[in-house]
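Visitor: One file: protein_7.csv (CSV, C-alpha atoms).
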```csv
chain,number,residue,atom,x,y,z
S,1,MET,CA,54.8,-67.4,-30.5
S,2,LYS,CA,55.4,-67.7,-26.8
S,3,LYS,CA,53.0,-65.6,-24.7
S,4,THR,CA,54.5,-62.8,-22.7
S,5,ARG,CA,53.9,-63.0,-19.0
S,6,ILE,CA,52.6,-60.1,-17.0
S,7,THR,CA,52.7,-60.1,-13.2
S,8,ALA,CA,49.4,-60.0,-11.2
S,9,ARG,CA,50.5,-56.7,-9.8
S,10,ALA,CA,51.0,-55.2,-13.3
S,11,ALA,CA,47.7,-56.7,-14.5
S,12,ARG,CA,45.9,-54.9,-11.6
S,13,PHE,CA,47.7,-51.7,-12.4
S,14,VAL,CA,46.7,-51.9,-16.1
S,15,ASN,CA,43.1,-52.7,-15.4
S,16,ALA,CA,42.9,-49.8,-12.8
S,17,GLN,CA,44.3,-47.4,-15.5
S,18,VAL,CA,41.7,-48.6,-18.0
S,19,LYS,CA,38.9,-48.1,-15.4
S,20,SER,CA,40.1,-44.6,-14.7
S,21,VAL,CA,39.7,-43.5,-18.3
S,22,GLU,CA,36.6,-45.4,-19.1
S,23,ALA,CA,34.4,-42.3,-18.5
S,24,GLN,CA,36.2,-40.5,-21.3
S,25,THR,CA,36.6,-43.5,-23.7
S,26,GLY,CA,33.4,-45.4,-22.9
S,27,PRO,CA,33.4,-49.1,-22.2
S,28,GLY,CA,34.4,-51.9,-24.6
S,29,TYR,CA,38.1,-51.4,-25.0
S,30,VAL,CA,40.9,-53.8,-24.2
S,31,PRO,CA,44.3,-52.6,-22.9
S,32,ILE,CA,47.5,-52.8,-25.0
S,33,VAL,CA,51.0,-52.6,-23.6
S,34,ASP,CA,53.0,-50.8,-26.2
S,35,TRP,CA,56.6,-49.6,-26.7
S,36,VAL,CA,56.7,-45.8,-26.6
S,37,LEU,CA,59.5,-44.1,-28.5
S,38,GLY,CA,60.3,-40.4,-28.3
S,39,GLU,CA,63.0,-38.3,-29.8
S,40,THR,CA,65.5,-37.6,-27.0
S,41,GLY,CA,68.8,-37.2,-28.9
S,42,ASN,CA,70.3,-39.8,-26.5
S,43,PRO,CA,71.6,-42.8,-28.5
S,44,ASN,CA,71.3,-44.9,-25.3
S,45,PHE,CA,67.7,-44.0,-24.7
S,46,ILE,CA,65.6,-46.9,-23.4
S,47,PRO,CA,62.0,-46.7,-24.6
S,48,ASN,CA,59.2,-46.8,-22.1
S,49,LEU,CA,56.2,-49.1,-22.0
S,50,GLY,CA,52.9,-47.3,-22.5
S,51,LEU,CA,49.3,-48.2,-22.3
S,52,ALA,CA,46.8,-47.9,-25.2
S,53,LEU,CA,43.2,-49.0,-25.7
S,54,GLU,CA,41.8,-50.8,-28.7
S,55,LYS,CA,38.5,-52.3,-29.7
S,56,PRO,CA,38.5,-56.0,-29.1
S,57,ASP,CA,37.5,-56.9,-32.6
S,58,VAL,CA,40.6,-55.3,-34.1
S,59,VAL,CA,43.2,-56.3,-31.6
S,60,ASP,CA,45.8,-58.9,-32.6
S,61,ARG,CA,44.7,-61.8,-30.4
S,62,SER,CA,48.0,-63.6,-31.0
S,63,ARG,CA,49.5,-61.0,-28.7
S,64,VAL,CA,47.5,-61.9,-25.6
S,65,MET,CA,49.4,-62.0,-22.4
S,66,GLU,CA,49.3,-64.5,-19.6
S,67,CYS,CA,49.2,-64.0,-15.8
S,68,ASP,CA,49.6,-66.9,-13.4
S,69,GLY,CA,49.4,-69.4,-16.3
S,70,LYS,CA,46.1,-68.1,-17.7
S,71,ASP,CA,45.3,-65.8,-20.6
S,72,VAL,CA,44.2,-62.3,-19.6
S,73,GLU,CA,42.5,-59.6,-21.7
S,74,ILE,CA,45.7,-57.6,-21.9
S,75,PHE,CA,47.7,-57.5,-25.1
S,76,GLN,CA,51.2,-56.4,-25.9
S,77,TYR,CA,52.6,-54.8,-29.0
S,78,VAL,CA,56.2,-54.8,-27.8
S,79,PRO,CA,58.7,-55.8,-30.5
S,80,ASP,CA,59.5,-59.5,-30.2
S,81,HIS,CA,63.3,-59.0,-30.3
S,82,LEU,CA,63.1,-56.7,-27.4
S,83,LEU,CA,61.2,-59.3,-25.3
S,84,GLN,CA,63.9,-61.9,-26.0
S,85,GLU,CA,67.1,-59.7,-26.0
S,86,ASP,CA,69.4,-60.8,-23.2
S,87,GLY,CA,67.0,-63.5,-22.2
S,88,PRO,CA,63.3,-63.8,-21.8
S,89,LYS,CA,61.4,-60.9,-20.1
S,90,TYR,CA,58.1,-60.3,-18.5
S,91,ILE,CA,56.1,-57.1,-17.8
S,92,ASP,CA,55.9,-55.8,-14.2
S,93,VAL,CA,55.1,-52.5,-12.6
S,94,ARG,CA,57.5,-50.5,-10.5
S,95,ASN,CA,57.1,-46.9,-9.2
S,96,ASN,CA,53.7,-46.7,-11.0
S,97,ARG,CA,55.3,-47.5,-14.4
S,98,LEU,CA,55.2,-50.6,-16.6
S,99,VAL,CA,58.6,-52.1,-17.0
S,100,LEU,CA,60.3,-55.0,-18.7
S,101,ALA,CA,61.9,-57.3,-16.2
S,102,ARG,CA,64.3,-60.2,-17.0
S,103,GLU,CA,63.3,-63.7,-16.2
S,104,ALA,CA,65.7,-65.3,-13.8
S,105,ARG,CA,67.8,-68.0,-15.5
S,106,ASP,CA,67.6,-71.6,-14.1
S,107,GLU,CA,71.2,-71.3,-12.9
S,108,GLU,CA,70.4,-68.1,-11.0
S,109,GLN,CA,67.2,-69.6,-9.5
S,110,GLY,CA,69.1,-72.7,-8.5
S,111,ALA,CA,71.9,-70.7,-6.9
S,112,ALA,CA,69.3,-68.6,-5.0
S,113,ILE,CA,67.5,-71.7,-3.8
S,114,THR,CA,70.8,-73.2,-2.7
S,115,GLN,CA,71.8,-70.1,-0.8
S,116,SER,CA,68.4,-69.9,0.8
S,117,ASP,CA,68.7,-73.6,1.9
S,118,GLU,CA,72.2,-73.1,3.2
S,119,ALA,CA,71.1,-70.1,5.2
S,120,SER,CA,68.1,-71.9,6.6
S,121,SER,CA,70.1,-75.0,7.7
S,122,THR,CA,72.7,-72.7,9.3
S,123,ARG,CA,70.0,-71.0,11.4
S,124,LYS,CA,68.6,-74.4,12.5
S,125,GLY,CA,71.9,-75.9,13.6
```
Take the structure in the file and write it out as structure tokens.
Guide:
Amino acid sequence: MKKTRITARAARFVNAQVKSVEAQTGPGYVPIVDWVLGETGNPNFIPNLGLALEKPDVVDRSRVMECDGKDVEIFQYVPDHLLQEDGPKYIDVRNNRLVLAREARDEEQGAAITQSDEASSTRKG
């Protein structure tokens, strides 16, 4: 299984949240990013990502996340199909909430680079 990417900003956010509850839980837990469902009655409801804690010896180590190309002690239990639906996704933080963000496709990245290069050359000449 391909590892899910988490941004450095989101990893810092997760670790800060874990630190803030360590007094109540005690040390020795690893963070888990999870999919939180609730009954809303809205058929178009989009689940939120939540944060849970688990003992390191029972966590599913195959669900480890990566940040900047390296494994981090943050795990995810988000359903695989959700991470791949409409293209690959990564976990970020926005407005103090964990969110799924879509990876830019190669064509989109190429177009953005081309536009940036064109704008840069226009400013020079």
Visitor: Between atom CA of Ala8 of chain S and atom CA of Ser62 of chain S, measure the distance and give it in Å to one decimal.
Guide: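 Interatomic distance here is 20.2 Å.
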Visitor: With distances taken over all atoms listed in the file, which residue among S:Leu83, S:Leu53, S:Cys67, S:Val30 lies nearest Ala10 of chain S?
Guide: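 The shortest atom-to-atom distance to Ala10 of chain S comes from S:Cys67.
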Visitor: Please compute the atom CA of Gly50 of chain S-atom CA of Val18 of chain S distance, one decimal, in Å.
Guide: 12.1 Å
Visitor: Which polymer residues, whether protein, DNA or RNA, lie within 10 Å of the coordinate (36.7, -48.5, -24.8) when you count all atoms listed in the file? List them as a list in words, using the chain letters and numbers from the file.
Guide: Val18, Lys19, Val21, Glu22, Ala23, Gln24, Thr25, Gly26, Pro27, Gly28, Tyr29, Val30, Pro31, Leu53, Glu54, Lys55 and Pro56 of chain S
Visitor: I need the residue nearest Leu82 of chain S from this list: S:Arg63, S:Asn15, S:Ala101, S:Arg9. Use only C-alpha atoms for the distance.
Guide: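 Closest to Leu82 of chain S of all the choices is S:Ala101.
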Visitor: Can you tell me how far atom CA of Val93 of chain S sits from atom CA of Leu49 of chain S, in Å to one decimal?
Guide: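 Atom CA of Leu49 of chain S lies at a distance of 10.1 Å from atom CA of Val93 of chain S.
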Visitor: Under the rule that all atoms listed in the file are counted, which of S:Asn48, S:Lys3, S:Gly69, S:Val58 is the nearest residue to Gln84 of chain S?
Guide: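 Closest residue, counting all atoms listed in the file: S:Lys3.
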Visitor: Would you kindly return, as a list in words, each protein, DNA or RNA residue with an atom no farther than 10 Å from any atom of Asp68 of chain S, considering only C-alpha atoms and excluding same-chain residues fewer than 5 positions away?
Guide: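 Residues near the query, excluding close chain neighbours: Arg5, Ile6, Thr7 and Ala8 of chain S.
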Visitor: Identify which of the residues S:Ile32, S:Tyr90, S:Ala52, S:Phe13 lies closest to Glu66 of chain S, counting only C-alpha atoms when measuring atom-to-atom distances.
Guide: S:Tyr90
